[in-house]
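Enquirer: My file is final08.pdb. It has PDB, C-alpha atoms, pLDDT in the B column:
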ATOM      1  CA  ALA A   1     -38.802  65.985  80.316  1.00 76.00           C
ATOM      2  CA  GLN A   2     -38.451  63.984  83.481  1.00 86.00           C
ATOM      3  CA  SER A   3     -35.169  62.239  84.218  1.00 92.00           C
ATOM      4  CA  VAL A   4     -33.357  60.259  86.886  1.00 95.00           C
ATOM      5  CA  ALA A   5     -29.649  59.769  87.434  1.00 97.00           C
ATOM      6  CA  GLN A   6     -27.847  56.901  89.105  1.00 98.00           C
ATOM      7  CA  PRO A   7     -24.335  58.155  89.792  1.00 97.00           C
ATOM      8  CA  GLU A   8     -22.779  54.771  90.565  1.00 97.00           C
ATOM      9  CA  ASP A   9     -22.284  52.065  87.953  1.00 97.00           C
ATOM     10  CA  GLN A  10     -21.448  49.526  90.655  1.00 97.00           C
ATOM     11  CA  VAL A  11     -21.852  49.227  94.408  1.00 98.00           C
ATOM     12  CA  ASN A  12     -20.039  46.577  96.433  1.00 98.00           C
ATOM     13  CA  VAL A  13     -21.104  45.740  99.974  1.00 98.00           C
ATOM     14  CA  ALA A  14     -20.299  42.963 102.420  1.00 98.00           C
ATOM     15  CA  GLU A  15     -23.056  40.573 103.374  1.00 98.00           C
ATOM     16  CA  GLY A  16     -24.821  41.755 106.518  1.00 97.00           C
ATOM     17  CA  ASN A  17     -23.828  45.384 106.045  1.00 98.00           C
ATOM     18  CA  PRO A  18     -26.349  48.105 105.151  1.00 98.00           C
ATOM     19  CA  LEU A  19     -26.593  49.018 101.483  1.00 98.00           C
ATOM     20  CA  THR A  20     -27.525  52.189  99.645  1.00 98.00           C
ATOM     21  CA  VAL A  21     -28.102  52.622  95.918  1.00 98.00           C
ATOM     22  CA  LYS A  22     -28.353  56.257  94.910  1.00 98.00           C
ATOM     23  CA  CYS A  23     -30.820  57.996  92.637  1.00 98.00           C
ATOM     24  CA  THR A  24     -31.480  61.678  91.965  1.00 97.00           C
ATOM     25  CA  TYR A  25     -34.324  63.042  89.914  1.00 96.00           C
ATOM     26  CA  SER A  26     -35.243  66.046  87.809  1.00 94.00           C
ATOM     27  CA  VAL A  27     -38.941  66.646  87.230  1.00 88.00           C
ATOM     28  CA  SER A  28     -41.398  69.413  86.606  1.00 86.00           C
ATOM     29  CA  GLY A  29     -44.320  69.014  88.940  1.00 83.00           C
ATOM     30  CA  ASN A  30     -44.811  66.164  91.380  1.00 85.00           C
ATOM     31  CA  PRO A  31     -42.369  63.252  91.100  1.00 89.00           C
ATOM     32  CA  TYR A  32     -43.636  59.697  90.782  1.00 91.00           C
ATOM     33  CA  LEU A  33     -40.597  57.528  91.441  1.00 95.00           C
ATOM     34  CA  PHE A  34     -39.996  53.787  91.243  1.00 96.00           C
ATOM     35  CA  TRP A  35     -37.299  51.223  91.943  1.00 98.00           C
ATOM     36  CA  TYR A  36     -36.957  48.002  89.973  1.00 97.00           C
ATOM     37  CA  VAL A  37     -34.520  45.097  90.276  1.00 97.00           C
ATOM     38  CA  GLN A  38     -33.341  42.842  87.454  1.00 96.00           C
ATOM     39  CA  TYR A  39     -31.672  39.492  87.966  1.00 93.00           C
ATOM     40  CA  PRO A  40     -29.566  38.064  85.105  1.00 87.00           C
ATOM     41  CA  ASN A  41     -31.570  37.144  82.011  1.00 80.00           C
ATOM     42  CA  ARG A  42     -34.830  38.109  83.701  1.00 85.00           C
ATOM     43  CA  GLY A  43     -37.413  40.848  83.429  1.00 89.00           C
ATOM     44  CA  LEU A  44     -37.675  43.754  85.825  1.00 94.00           C
ATOM     45  CA  GLN A  45     -39.307  43.261  89.206  1.00 95.00           C
ATOM     46  CA  PHE A  46     -41.019  46.137  90.992  1.00 95.00           C
ATOM     47  CA  LEU A  47     -39.598  46.936  94.449  1.00 97.00           C
ATOM     48  CA  LEU A  48     -41.326  50.117  95.620  1.00 96.00           C
ATOM     49  CA  LYS A  49     -42.674  53.495  94.622  1.00 95.00           C
ATOM     50  CA  TYR A  50     -43.090  57.017  95.917  1.00 94.00           C
ATOM     51  CA  ILE A  51     -46.253  58.863  94.966  1.00 89.00           C
ATOM     52  CA  THR A  52     -46.974  61.107  97.935  1.00 85.00           C
ATOM     53  CA  GLY A  53     -47.024  60.963 101.710  1.00 85.00           C
ATOM     54  CA  ASP A  54     -44.336  59.557 103.967  1.00 89.00           C
ATOM     55  CA  ASN A  55     -40.794  60.168 102.804  1.00 93.00           C
ATOM     56  CA  LEU A  56     -39.733  56.669 103.862  1.00 96.00           C
ATOM     57  CA  VAL A  57     -41.248  54.080 101.552  1.00 96.00           C
ATOM     58  CA  LYS A  58     -41.127  50.381 102.375  1.00 96.00           C
ATOM     59  CA  GLY A  59     -41.108  47.793  99.639  1.00 95.00           C
ATOM     60  CA  SER A  60     -40.473  44.173  98.779  1.00 93.00           C
ATOM     61  CA  TYR A  61     -37.682  41.925 100.107  1.00 93.00           C
ATOM     62  CA  GLY A  62     -36.845  44.275 102.996  1.00 96.00           C
ATOM     63  CA  PHE A  63     -35.953  47.223 100.782  1.00 97.00           C
ATOM     64  CA  GLU A  64     -36.934  50.793 101.547  1.00 98.00           C
ATOM     65  CA  ALA A  65     -36.299  54.155  99.940  1.00 98.00           C
ATOM     66  CA  GLU A  66     -36.007  57.642 101.299  1.00 96.00           C
ATOM     67  CA  PHE A  67     -37.531  60.492  99.328  1.00 96.00           C
ATOM     68  CA  ASN A  68     -35.761  63.812  99.916  1.00 96.00           C
ATOM     69  CA  LYS A  69     -37.357  66.749  98.141  1.00 94.00           C
ATOM     70  CA  SER A  70     -34.686  69.305  99.004  1.00 94.00           C
ATOM     71  CA  GLN A  71     -31.927  67.075  97.657  1.00 96.00           C
ATOM     72  CA  THR A  72     -34.105  65.697  94.821  1.00 96.00           C
ATOM     73  CA  SER A  73     -33.028  62.197  95.795  1.00 97.00           C
ATOM     74  CA  PHE A  74     -34.702  58.820  96.138  1.00 98.00           C
ATOM     75  CA  HIS A  75     -32.047  56.456  97.476  1.00 98.00           C
ATOM     76  CA  LEU A  76     -32.727  52.748  97.871  1.00 98.00           C
ATOM     77  CA  LYS A  77     -31.681  51.191 101.159  1.00 98.00           C
ATOM     78  CA  LYS A  78     -31.599  47.903 103.021  1.00 98.00           C
ATOM     79  CA  PRO A  79     -30.402  47.470 106.611  1.00 97.00           C
ATOM     80  CA  SER A  80     -28.640  44.132 106.048  1.00 97.00           C
ATOM     81  CA  ALA A  81     -27.543  42.976 102.593  1.00 98.00           C
ATOM     82  CA  LEU A  82     -27.890  39.402 101.382  1.00 97.00           C
ATOM     83  CA  VAL A  83     -25.820  37.701  98.691  1.00 97.00           C
ATOM     84  CA  SER A  84     -29.096  37.090  96.865  1.00 95.00           C
ATOM     85  CA  ASP A  85     -29.595  40.875  96.583  1.00 97.00           C
ATOM     86  CA  SER A  86     -26.817  40.959  93.980  1.00 97.00           C
ATOM     87  CA  ALA A  87     -28.511  42.244  90.824  1.00 97.00           C
ATOM     88  CA  LEU A  88     -28.986  45.269  88.589  1.00 97.00           C
ATOM     89  CA  TYR A  89     -31.102  48.049  90.111  1.00 98.00           C
ATOM     90  CA  PHE A  90     -32.973  50.691  88.149  1.00 98.00           C
ATOM     91  CA  CYS A  91     -34.501  53.916  89.393  1.00 98.00           C
ATOM     92  CA  ALA A  92     -37.321  55.271  87.222  1.00 96.00           C
ATOM     93  CA  VAL A  93     -39.637  58.271  86.992  1.00 93.00           C
ATOM     94  CA  ARG A  94     -43.151  58.226  85.573  1.00 88.00           C
ATOM     95  CA  ASP A  95     -43.737  60.663  82.738  1.00 79.00           C
ATOM     96  CA  TYR A  96     -46.984  61.551  81.044  1.00 73.00           C
ATOM     97  CA  SER A  97     -46.642  61.332  77.287  1.00 64.00           C
ATOM     98  CA  GLY A  98     -50.010  62.593  76.231  1.00 61.00           C
ATOM     99  CA  ALA A  99     -52.748  60.652  74.447  1.00 60.00           C
ATOM    100  CA  GLY A 100     -53.630  58.961  77.717  1.00 60.00           C
ATOM    101  CA  SER A 101     -50.259  57.269  78.046  1.00 66.00           C
ATOM    102  CA  TYR A 102     -47.612  57.127  80.675  1.00 75.00           C
ATOM    103  CA  GLN A 103     -44.074  55.920  80.317  1.00 81.00           C
ATOM    104  CA  LEU A 104     -41.173  55.157  82.611  1.00 89.00           C
ATOM    105  CA  THR A 105     -37.857  56.890  82.139  1.00 91.00           C
ATOM    106  CA  PHE A 106     -35.088  54.749  83.627  1.00 95.00           C
ATOM    107  CA  GLY A 107     -31.720  55.585  85.083  1.00 97.00           C
ATOM    108  CA  LYS A 108     -28.719  53.788  83.608  1.00 97.00           C
ATOM    109  CA  GLY A 109     -28.767  51.177  86.357  1.00 97.00           C
ATOM    110  CA  THR A 110     -26.487  50.270  89.259  1.00 98.00           C
ATOM    111  CA  LYS A 111     -24.980  46.819  89.625  1.00 97.00           C
ATOM    112  CA  LEU A 112     -25.044  45.715  93.236  1.00 98.00           C
ATOM    113  CA  SER A 113     -22.617  43.027  94.335  1.00 98.00           C
ATOM    114  CA  VAL A 114     -22.955  41.618  97.842  1.00 98.00           C
ATOM    115  CA  ILE A 115     -19.763  39.895  98.925  1.00 97.00           C
ATOM    116  CA  PRO A 116     -20.040  36.870 101.237  1.00 95.00           C
TER     117      PRO A 116
ATOM    118  CA  ASP B   1     -52.854  36.616  88.608  1.00 61.00           C
ATOM    119  CA  THR B   2     -50.101  39.273  88.588  1.00 66.00           C
ATOM    120  CA  GLU B   3     -48.039  37.755  85.828  1.00 90.00           C
ATOM    121  CA  VAL B   4     -47.034  38.919  82.388  1.00 96.00           C
ATOM    122  CA  THR B   5     -46.039  36.034  80.142  1.00 96.00           C
ATOM    123  CA  GLN B   6     -43.895  36.217  77.028  1.00 97.00           C
ATOM    124  CA  THR B   7     -43.207  33.657  74.339  1.00 97.00           C
ATOM    125  CA  PRO B   8     -40.841  32.454  73.120  1.00 97.00           C
ATOM    126  CA  LYS B   9     -38.110  32.749  75.751  1.00 96.00           C
ATOM    127  CA  HIS B  10     -35.395  32.579  73.129  1.00 97.00           C
ATOM    128  CA  LEU B  11     -35.490  33.246  69.400  1.00 96.00           C
ATOM    129  CA  VAL B  12     -32.783  32.963  66.778  1.00 96.00           C
ATOM    130  CA  MET B  13     -33.616  34.278  63.344  1.00 93.00           C
ATOM    131  CA  GLY B  14     -31.938  35.172  60.095  1.00 90.00           C
ATOM    132  CA  MET B  15     -32.156  38.596  58.543  1.00 89.00           C
ATOM    133  CA  THR B  16     -34.719  37.432  55.985  1.00 88.00           C
ATOM    134  CA  ASN B  17     -37.028  35.680  58.434  1.00 90.00           C
ATOM    135  CA  LYS B  18     -40.398  36.805  59.728  1.00 94.00           C
ATOM    136  CA  LYS B  19     -41.208  36.005  63.332  1.00 96.00           C
ATOM    137  CA  SER B  20     -43.474  37.263  66.107  1.00 97.00           C
ATOM    138  CA  LEU B  21     -43.122  37.823  69.823  1.00 98.00           C
ATOM    139  CA  LYS B  22     -46.155  37.356  72.032  1.00 98.00           C
ATOM    140  CA  CYS B  23     -47.103  38.913  75.359  1.00 98.00           C
ATOM    141  CA  GLU B  24     -50.137  38.192  77.520  1.00 98.00           C
ATOM    142  CA  GLN B  25     -51.555  39.534  80.789  1.00 96.00           C
ATOM    143  CA  HIS B  26     -54.789  38.875  82.656  1.00 91.00           C
ATOM    144  CA  MET B  27     -54.661  41.667  85.221  1.00 92.00           C
ATOM    145  CA  GLY B  28     -57.185  43.845  83.409  1.00 90.00           C
ATOM    146  CA  HIS B  29     -54.504  46.373  82.529  1.00 91.00           C
ATOM    147  CA  ARG B  30     -55.303  48.661  79.622  1.00 90.00           C
ATOM    148  CA  ALA B  31     -51.775  49.929  78.943  1.00 90.00           C
ATOM    149  CA  MET B  32     -49.153  47.651  77.423  1.00 93.00           C
ATOM    150  CA  TYR B  33     -45.566  48.341  76.445  1.00 94.00           C
ATOM    151  CA  TRP B  34     -42.695  46.968  74.393  1.00 96.00           C
ATOM    152  CA  TYR B  35     -39.123  47.683  75.469  1.00 96.00           C
ATOM    153  CA  LYS B  36     -35.764  46.770  73.983  1.00 97.00           C
ATOM    154  CA  GLN B  37     -32.887  46.152  76.369  1.00 96.00           C
ATOM    155  CA  LYS B  38     -29.234  45.705  75.512  1.00 95.00           C
ATOM    156  CA  ALA B  39     -26.909  44.026  77.989  1.00 92.00           C
ATOM    157  CA  LYS B  40     -26.303  46.017  81.189  1.00 89.00           C
ATOM    158  CA  LYS B  41     -28.329  48.960  79.846  1.00 94.00           C
ATOM    159  CA  PRO B  42     -31.741  50.293  80.880  1.00 95.00           C
ATOM    160  CA  PRO B  43     -34.817  49.294  78.907  1.00 95.00           C
ATOM    161  CA  GLU B  44     -35.608  51.554  75.944  1.00 94.00           C
ATOM    162  CA  LEU B  45     -39.255  52.202  75.252  1.00 93.00           C
ATOM    163  CA  MET B  46     -40.406  51.145  71.788  1.00 95.00           C
ATOM    164  CA  PHE B  47     -44.212  51.233  71.761  1.00 93.00           C
ATOM    165  CA  VAL B  48     -47.116  51.992  74.087  1.00 91.00           C
ATOM    166  CA  TYR B  49     -50.684  50.795  73.610  1.00 92.00           C
ATOM    167  CA  SER B  50     -53.400  52.515  75.582  1.00 88.00           C
ATOM    168  CA  TYR B  51     -56.838  50.903  75.455  1.00 90.00           C
ATOM    169  CA  GLU B  52     -55.717  48.812  72.490  1.00 92.00           C
ATOM    170  CA  LYS B  53     -54.663  51.848  70.460  1.00 91.00           C
ATOM    171  CA  LEU B  54     -51.070  52.670  69.618  1.00 91.00           C
ATOM    172  CA  SER B  55     -50.283  55.870  71.475  1.00 85.00           C
ATOM    173  CA  ILE B  56     -46.486  56.035  71.422  1.00 81.00           C
ATOM    174  CA  ASN B  57     -44.034  54.913  68.773  1.00 83.00           C
ATOM    175  CA  GLU B  58     -40.551  55.960  69.761  1.00 83.00           C
ATOM    176  CA  SER B  59     -39.246  56.290  66.210  1.00 86.00           C
ATOM    177  CA  VAL B  60     -38.832  52.557  65.907  1.00 93.00           C
ATOM    178  CA  PRO B  61     -37.834  51.207  62.459  1.00 94.00           C
ATOM    179  CA  SER B  62     -40.661  49.738  60.408  1.00 93.00           C
ATOM    180  CA  ARG B  63     -39.112  46.282  60.557  1.00 95.00           C
ATOM    181  CA  PHE B  64     -40.748  46.146  64.002  1.00 96.00           C
ATOM    182  CA  SER B  65     -44.544  46.089  63.798  1.00 96.00           C
ATOM    183  CA  PRO B  66     -46.649  45.997  66.967  1.00 96.00           C
ATOM    184  CA  GLU B  67     -50.170  44.680  67.237  1.00 97.00           C
ATOM    185  CA  CYS B  68     -52.687  44.651  70.086  1.00 96.00           C
ATOM    186  CA  PRO B  69     -55.484  42.234  69.104  1.00 96.00           C
ATOM    187  CA  ASN B  70     -57.324  42.619  72.420  1.00 94.00           C
ATOM    188  CA  SER B  71     -56.846  43.997  75.906  1.00 91.00           C
ATOM    189  CA  SER B  72     -54.869  40.952  77.085  1.00 95.00           C
ATOM    190  CA  LEU B  73     -52.547  40.358  74.151  1.00 97.00           C
ATOM    191  CA  LEU B  74     -49.658  42.243  72.611  1.00 98.00           C
ATOM    192  CA  ASN B  75     -47.609  41.062  69.663  1.00 98.00           C
ATOM    193  CA  LEU B  76     -44.429  42.318  68.067  1.00 98.00           C
ATOM    194  CA  HIS B  77     -43.945  41.255  64.458  1.00 97.00           C
ATOM    195  CA  LEU B  78     -40.380  41.111  63.222  1.00 96.00           C
ATOM    196  CA  HIS B  79     -39.218  41.236  59.608  1.00 94.00           C
ATOM    197  CA  ALA B  80     -35.858  41.806  57.940  1.00 93.00           C
ATOM    198  CA  LEU B  81     -34.074  42.486  61.184  1.00 94.00           C
ATOM    199  CA  GLN B  82     -30.437  43.446  61.504  1.00 95.00           C
ATOM    200  CA  PRO B  83     -27.807  41.895  63.805  1.00 95.00           C
ATOM    201  CA  GLU B  84     -27.859  45.062  65.921  1.00 96.00           C
ATOM    202  CA  ASP B  85     -31.473  44.289  66.769  1.00 96.00           C
ATOM    203  CA  SER B  86     -30.276  41.398  68.906  1.00 97.00           C
ATOM    204  CA  ALA B  87     -31.413  42.182  72.461  1.00 97.00           C
ATOM    205  CA  LEU B  88     -33.797  41.258  75.257  1.00 96.00           C
ATOM    206  CA  TYR B  89     -37.329  42.350  74.350  1.00 97.00           C
ATOM    207  CA  LEU B  90     -39.489  43.090  77.340  1.00 97.00           C
ATOM    208  CA  CYS B  91     -43.237  43.453  77.526  1.00 97.00           C
ATOM    209  CA  ALA B  92     -44.928  45.289  80.382  1.00 95.00           C
ATOM    210  CA  SER B  93     -48.427  46.248  81.410  1.00 94.00           C
ATOM    211  CA  SER B  94     -50.004  48.719  83.795  1.00 91.00           C
ATOM    212  CA  GLN B  95     -53.317  50.261  84.596  1.00 85.00           C
ATOM    213  CA  GLY B  96     -54.349  52.838  82.035  1.00 76.00           C
ATOM    214  CA  LYS B  97     -55.109  56.500  82.543  1.00 71.00           C
ATOM    215  CA  GLY B  98     -58.726  55.880  83.408  1.00 68.00           C
ATOM    216  CA  GLN B  99     -57.728  53.219  85.909  1.00 66.00           C
ATOM    217  CA  GLY B 100     -55.512  55.512  87.977  1.00 65.00           C
ATOM    218  CA  GLY B 101     -52.542  54.534  85.877  1.00 65.00           C
ATOM    219  CA  LEU B 102     -50.415  57.507  86.809  1.00 67.00           C
ATOM    220  CA  TYR B 103     -49.821  56.061  90.257  1.00 72.00           C
ATOM    221  CA  ASN B 104     -49.280  52.443  89.398  1.00 81.00           C
ATOM    222  CA  GLU B 105     -46.233  50.450  88.559  1.00 88.00           C
ATOM    223  CA  GLN B 106     -45.613  48.525  85.383  1.00 92.00           C
ATOM    224  CA  PHE B 107     -45.440  44.750  85.552  1.00 93.00           C
ATOM    225  CA  PHE B 108     -42.763  43.224  83.341  1.00 95.00           C
ATOM    226  CA  GLY B 109     -42.602  39.867  81.644  1.00 96.00           C
ATOM    227  CA  PRO B 110     -39.428  37.757  81.667  1.00 95.00           C
ATOM    228  CA  GLY B 111     -38.516  38.852  78.156  1.00 96.00           C
ATOM    229  CA  THR B 112     -37.601  37.214  74.875  1.00 97.00           C
ATOM    230  CA  ARG B 113     -33.893  36.913  74.119  1.00 96.00           C
ATOM    231  CA  LEU B 114     -33.589  37.630  70.398  1.00 97.00           C
ATOM    232  CA  THR B 115     -30.511  36.816  68.343  1.00 96.00           C
ATOM    233  CA  VAL B 116     -30.360  37.947  64.718  1.00 95.00           C
ATOM    234  CA  LEU B 117     -27.760  36.170  62.605  1.00 93.00           C
TER     235      LEU B 117
END
Rewrite the coordinates I just gave you, this time as structure tokens.
Expert:
Amino acid sequence: AQSVAQPEDQVNVAEGNPLTVKCTYSVSGNPYLFWYVQYPNRGLQFLLKYITGDNLVKGSYGFEAEFNKSQTSFHLKKPSALVSDSALYFCAVRDYSGAGSYQLTFGKGTKLSVIP
Amino acid sequence: DTEVTQTPKHLVMGMTNKKSLKCEQHMGHRAMYWYKQKAKKPPELMFVYSYEKLSINESVPSRFSPECPNSSLLNLHLHALQPEDSALYLCASSQGKGQGGLYNEQFFGPGTRLTVL
């Protein structure tokens, strides 16, 4: 089974500083990796995905992620954090469940707090 | 239209009540999902519909009954729930297998906050 791990429950960063939210993966075959963000009492919003190609993936709201095959990592990054980036971030891996269905397996989530 | 809508936003029900959650999308997606999410935890997959057929049931208790009346609608019927079923219920959709679904993200609705008394 595919899995992802987010080693940090919480990340604190000062506004204007670069931020990194970590994710490592374990898959058999090619990894299809995603990042989602969740604001309080809201659904999940898609940020970016890695399917194939360039190891640096650019996404919404200025976020990007670096895919590293040798380290089996897919860390989320942003050059300059905003207070409004404070939210819960989930890394996820796409898994094929048979019967024509796919599912997402999520990491436990990392709470990002950007301090003014 | 890239939106998944869910109704109601909030629902409070007793353990003997019957209620339904509704989800709708008009993106032409042929895969739809129900998730349950407890506070500060990742979403847990409950059901997957692929081309209007139930393809995954993650050992969910029978007091939860999904229904996919057509390719745009997904319902979750609730009956005799327990207080521990209180959670945020999320619906999502994505392109199906025949639509290149392996490579495409899921779109999530805002969720229904369910409280069981």
Enquirer: Would you work out the distance separating atom CA of Met27 of chain B from atom CA of Ser71 of chain B, expressed in Å to one decimal?
Expert: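 Distance between the two atoms: 9.8 Å.
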Enquirer: Counting all atoms listed in the file, which of B:Leu54, B:Leu21, B:Met32, B:Val116 gets nearest to Gln82 of chain B?
Expert: B:Val116
Enquirer: Translate the PyMOL selection byres ((chain A) within 6 of (chain B)) into a concrete residue list for this structure, as number ranges by chain.
Expert: A: 42-44, 100, 108
Enquirer: Which residues come within 8 Å of His75 of chain A, counting all atoms listed in the file, excluding same-chain residues fewer than 4 positions away, as number ranges by chain?
Expert: A: 20-24, 65-67
Enquirer: Using the chain letters and residue numbers of this document, give as a PyMOL selection string the residues selected by the PyMOL selection byres ((chain A and resi 80-94) around 8).
Expert: (chain A and resi 2-6+13-19+21+23+25+31-40+78-79+95-96+102-116) or (chain B and resi 40+42+102)
Enquirer: With C-alpha atoms retained, write the just-selected residues as a PDB file, keeping the file's coordinate frame.
Expert:
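File produced: part-v4.pdb:
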ATOM      1  CA  GLN A   2     -38.451  63.984  83.481  1.00 86.00           C
ATOM      2  CA  SER A   3     -35.169  62.239  84.218  1.00 92.00           C
ATOM      3  CA  VAL A   4     -33.357  60.259  86.886  1.00 95.00           C
ATOM      4  CA  ALA A   5     -29.649  59.769  87.434  1.00 97.00           C
ATOM      5  CA  GLN A   6     -27.847  56.901  89.105  1.00 98.00           C
ATOM      6  CA  VAL A  13     -21.104  45.740  99.974  1.00 98.00           C
ATOM      7  CA  ALA A  14     -20.299  42.963 102.420  1.00 98.00           C
ATOM      8  CA  GLU A  15     -23.056  40.573 103.374  1.00 98.00           C
ATOM      9  CA  GLY A  16     -24.821  41.755 106.518  1.00 97.00           C
ATOM     10  CA  ASN A  17     -23.828  45.384 106.045  1.00 98.00           C
ATOM     11  CA  PRO A  18     -26.349  48.105 105.151  1.00 98.00           C
ATOM     12  CA  LEU A  19     -26.593  49.018 101.483  1.00 98.00           C
ATOM     13  CA  VAL A  21     -28.102  52.622  95.918  1.00 98.00           C
ATOM     14  CA  CYS A  23     -30.820  57.996  92.637  1.00 98.00           C
ATOM     15  CA  TYR A  25     -34.324  63.042  89.914  1.00 96.00           C
ATOM     16  CA  PRO A  31     -42.369  63.252  91.100  1.00 89.00           C
ATOM     17  CA  TYR A  32     -43.636  59.697  90.782  1.00 91.00           C
ATOM     18  CA  LEU A  33     -40.597  57.528  91.441  1.00 95.00           C
ATOM     19  CA  PHE A  34     -39.996  53.787  91.243  1.00 96.00           C
ATOM     20  CA  TRP A  35     -37.299  51.223  91.943  1.00 98.00           C
ATOM     21  CA  TYR A  36     -36.957  48.002  89.973  1.00 97.00           C
ATOM     22  CA  VAL A  37     -34.520  45.097  90.276  1.00 97.00           C
ATOM     23  CA  GLN A  38     -33.341  42.842  87.454  1.00 96.00           C
ATOM     24  CA  TYR A  39     -31.672  39.492  87.966  1.00 93.00           C
ATOM     25  CA  PRO A  40     -29.566  38.064  85.105  1.00 87.00           C
ATOM     26  CA  LYS A  78     -31.599  47.903 103.021  1.00 98.00           C
ATOM     27  CA  PRO A  79     -30.402  47.470 106.611  1.00 97.00           C
ATOM     28  CA  ASP A  95     -43.737  60.663  82.738  1.00 79.00           C
ATOM     29  CA  TYR A  96     -46.984  61.551  81.044  1.00 73.00           C
ATOM     30  CA  TYR A 102     -47.612  57.127  80.675  1.00 75.00           C
ATOM     31  CA  GLN A 103     -44.074  55.920  80.317  1.00 81.00           C
ATOM     32  CA  LEU A 104     -41.173  55.157  82.611  1.00 89.00           C
ATOM     33  CA  THR A 105     -37.857  56.890  82.139  1.00 91.00           C
ATOM     34  CA  PHE A 106     -35.088  54.749  83.627  1.00 95.00           C
ATOM     35  CA  GLY A 107     -31.720  55.585  85.083  1.00 97.00           C
ATOM     36  CA  LYS A 108     -28.719  53.788  83.608  1.00 97.00           C
ATOM     37  CA  GLY A 109     -28.767  51.177  86.357  1.00 97.00           C
ATOM     38  CA  THR A 110     -26.487  50.270  89.259  1.00 98.00           C
ATOM     39  CA  LYS A 111     -24.980  46.819  89.625  1.00 97.00           C
ATOM     40  CA  LEU A 112     -25.044  45.715  93.236  1.00 98.00           C
ATOM     41  CA  SER A 113     -22.617  43.027  94.335  1.00 98.00           C
ATOM     42  CA  VAL A 114     -22.955  41.618  97.842  1.00 98.00           C
ATOM     43  CA  ILE A 115     -19.763  39.895  98.925  1.00 97.00           C
ATOM     44  CA  PRO A 116     -20.040  36.870 101.237  1.00 95.00           C
TER      45      PRO A 116
ATOM     46  CA  LYS B  40     -26.303  46.017  81.189  1.00 89.00           C
ATOM     47  CA  PRO B  42     -31.741  50.293  80.880  1.00 95.00           C
ATOM     48  CA  LEU B 102     -50.415  57.507  86.809  1.00 67.00           C
TER      49      LEU B 102
END
Enquirer: Tell me which protein, DNA and RNA residues are within 7 Å of Glu24 of chain B, counting all atoms listed in the file, leaving out same-chain ones fewer than 2 positions away, and put them as a ChimeraX atom specification.
Expert: /B:4-6,22,26,72-74
Enquirer: Find the spatial neighbours of Thr16 of chain B, counting all atoms listed in the file, within a cut-off of 9 Å - ignore same-chain residues fewer than 6 positions away - and output them as a list in words.
Expert: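 Result of the neighbour search: His79, Ala80 and Leu81 of chain B.
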Enquirer: Some atoms are missing, so please complete segment 77-90 of chain A with N, CA and C atoms and return it as an mmCIF file, in the frame of the given file.
Expert:
data_model
loop_
_atom_site.group_PDB
_atom_site.id
_atom_site.type_symbol
_atom_site.label_atom_id
_atom_site.label_comp_id
_atom_site.auth_asym_id
_atom_site.auth_seq_id
_atom_site.Cartn_x
_atom_site.Cartn_y
_atom_site.Cartn_z
ATOM 1 N N LYS A 77 -32.453 51.637 100.012
ATOM 2 C CA LYS A 77 -31.681 51.191 101.159
ATOM 3 C C LYS A 77 -32.171 49.831 101.647
ATOM 4 N N LYS A 78 -31.252 49.138 102.336
ATOM 5 C CA LYS A 78 -31.599 47.903 103.021
ATOM 6 C C LYS A 78 -30.689 47.779 104.232
ATOM 7 N N PRO A 79 -31.222 47.468 105.398
ATOM 8 C CA PRO A 79 -30.402 47.470 106.611
ATOM 9 C C PRO A 79 -29.312 46.393 106.624
ATOM 10 N N SER A 80 -29.589 45.234 106.005
ATOM 11 C CA SER A 80 -28.640 44.132 106.048
ATOM 12 C C SER A 80 -28.658 43.411 104.706
ATOM 13 N N ALA A 81 -27.579 43.520 103.959
ATOM 14 C CA ALA A 81 -27.543 42.976 102.593
ATOM 15 C C ALA A 81 -27.381 41.461 102.596
ATOM 16 N N LEU A 82 -28.019 40.833 101.612
ATOM 17 C CA LEU A 82 -27.890 39.402 101.382
ATOM 18 C C LEU A 82 -27.175 39.166 100.054
ATOM 19 N N VAL A 83 -26.479 38.039 99.956
ATOM 20 C CA VAL A 83 -25.820 37.701 98.691
ATOM 21 C C VAL A 83 -26.847 37.657 97.558
ATOM 22 N N SER A 84 -28.039 37.198 97.867
ATOM 23 C CA SER A 84 -29.096 37.090 96.865
ATOM 24 C C SER A 84 -29.628 38.448 96.393
ATOM 25 N N ASP A 85 -29.209 39.529 97.040
ATOM 26 C CA ASP A 85 -29.595 40.875 96.583
ATOM 27 C C ASP A 85 -28.739 41.331 95.401
ATOM 28 N N SER A 86 -27.696 40.601 95.096
ATOM 29 C CA SER A 86 -26.817 40.959 93.980
ATOM 30 C C SER A 86 -27.612 40.947 92.678
ATOM 31 N N ALA A 87 -27.676 42.089 92.028
ATOM 32 C CA ALA A 87 -28.511 42.244 90.824
ATOM 33 C C ALA A 87 -28.276 43.641 90.266
ATOM 34 N N LEU A 88 -29.027 43.938 89.210
ATOM 35 C CA LEU A 88 -28.986 45.269 88.589
ATOM 36 C C LEU A 88 -30.222 46.040 89.046
ATOM 37 N N TYR A 89 -30.015 47.253 89.556
ATOM 38 C CA TYR A 89 -31.102 48.049 90.111
ATOM 39 C C TYR A 89 -31.322 49.294 89.263
ATOM 40 N N PHE A 90 -32.601 49.540 88.954
ATOM 41 C CA PHE A 90 -32.973 50.691 88.149
ATOM 42 C C PHE A 90 -33.922 51.599 88.926
#
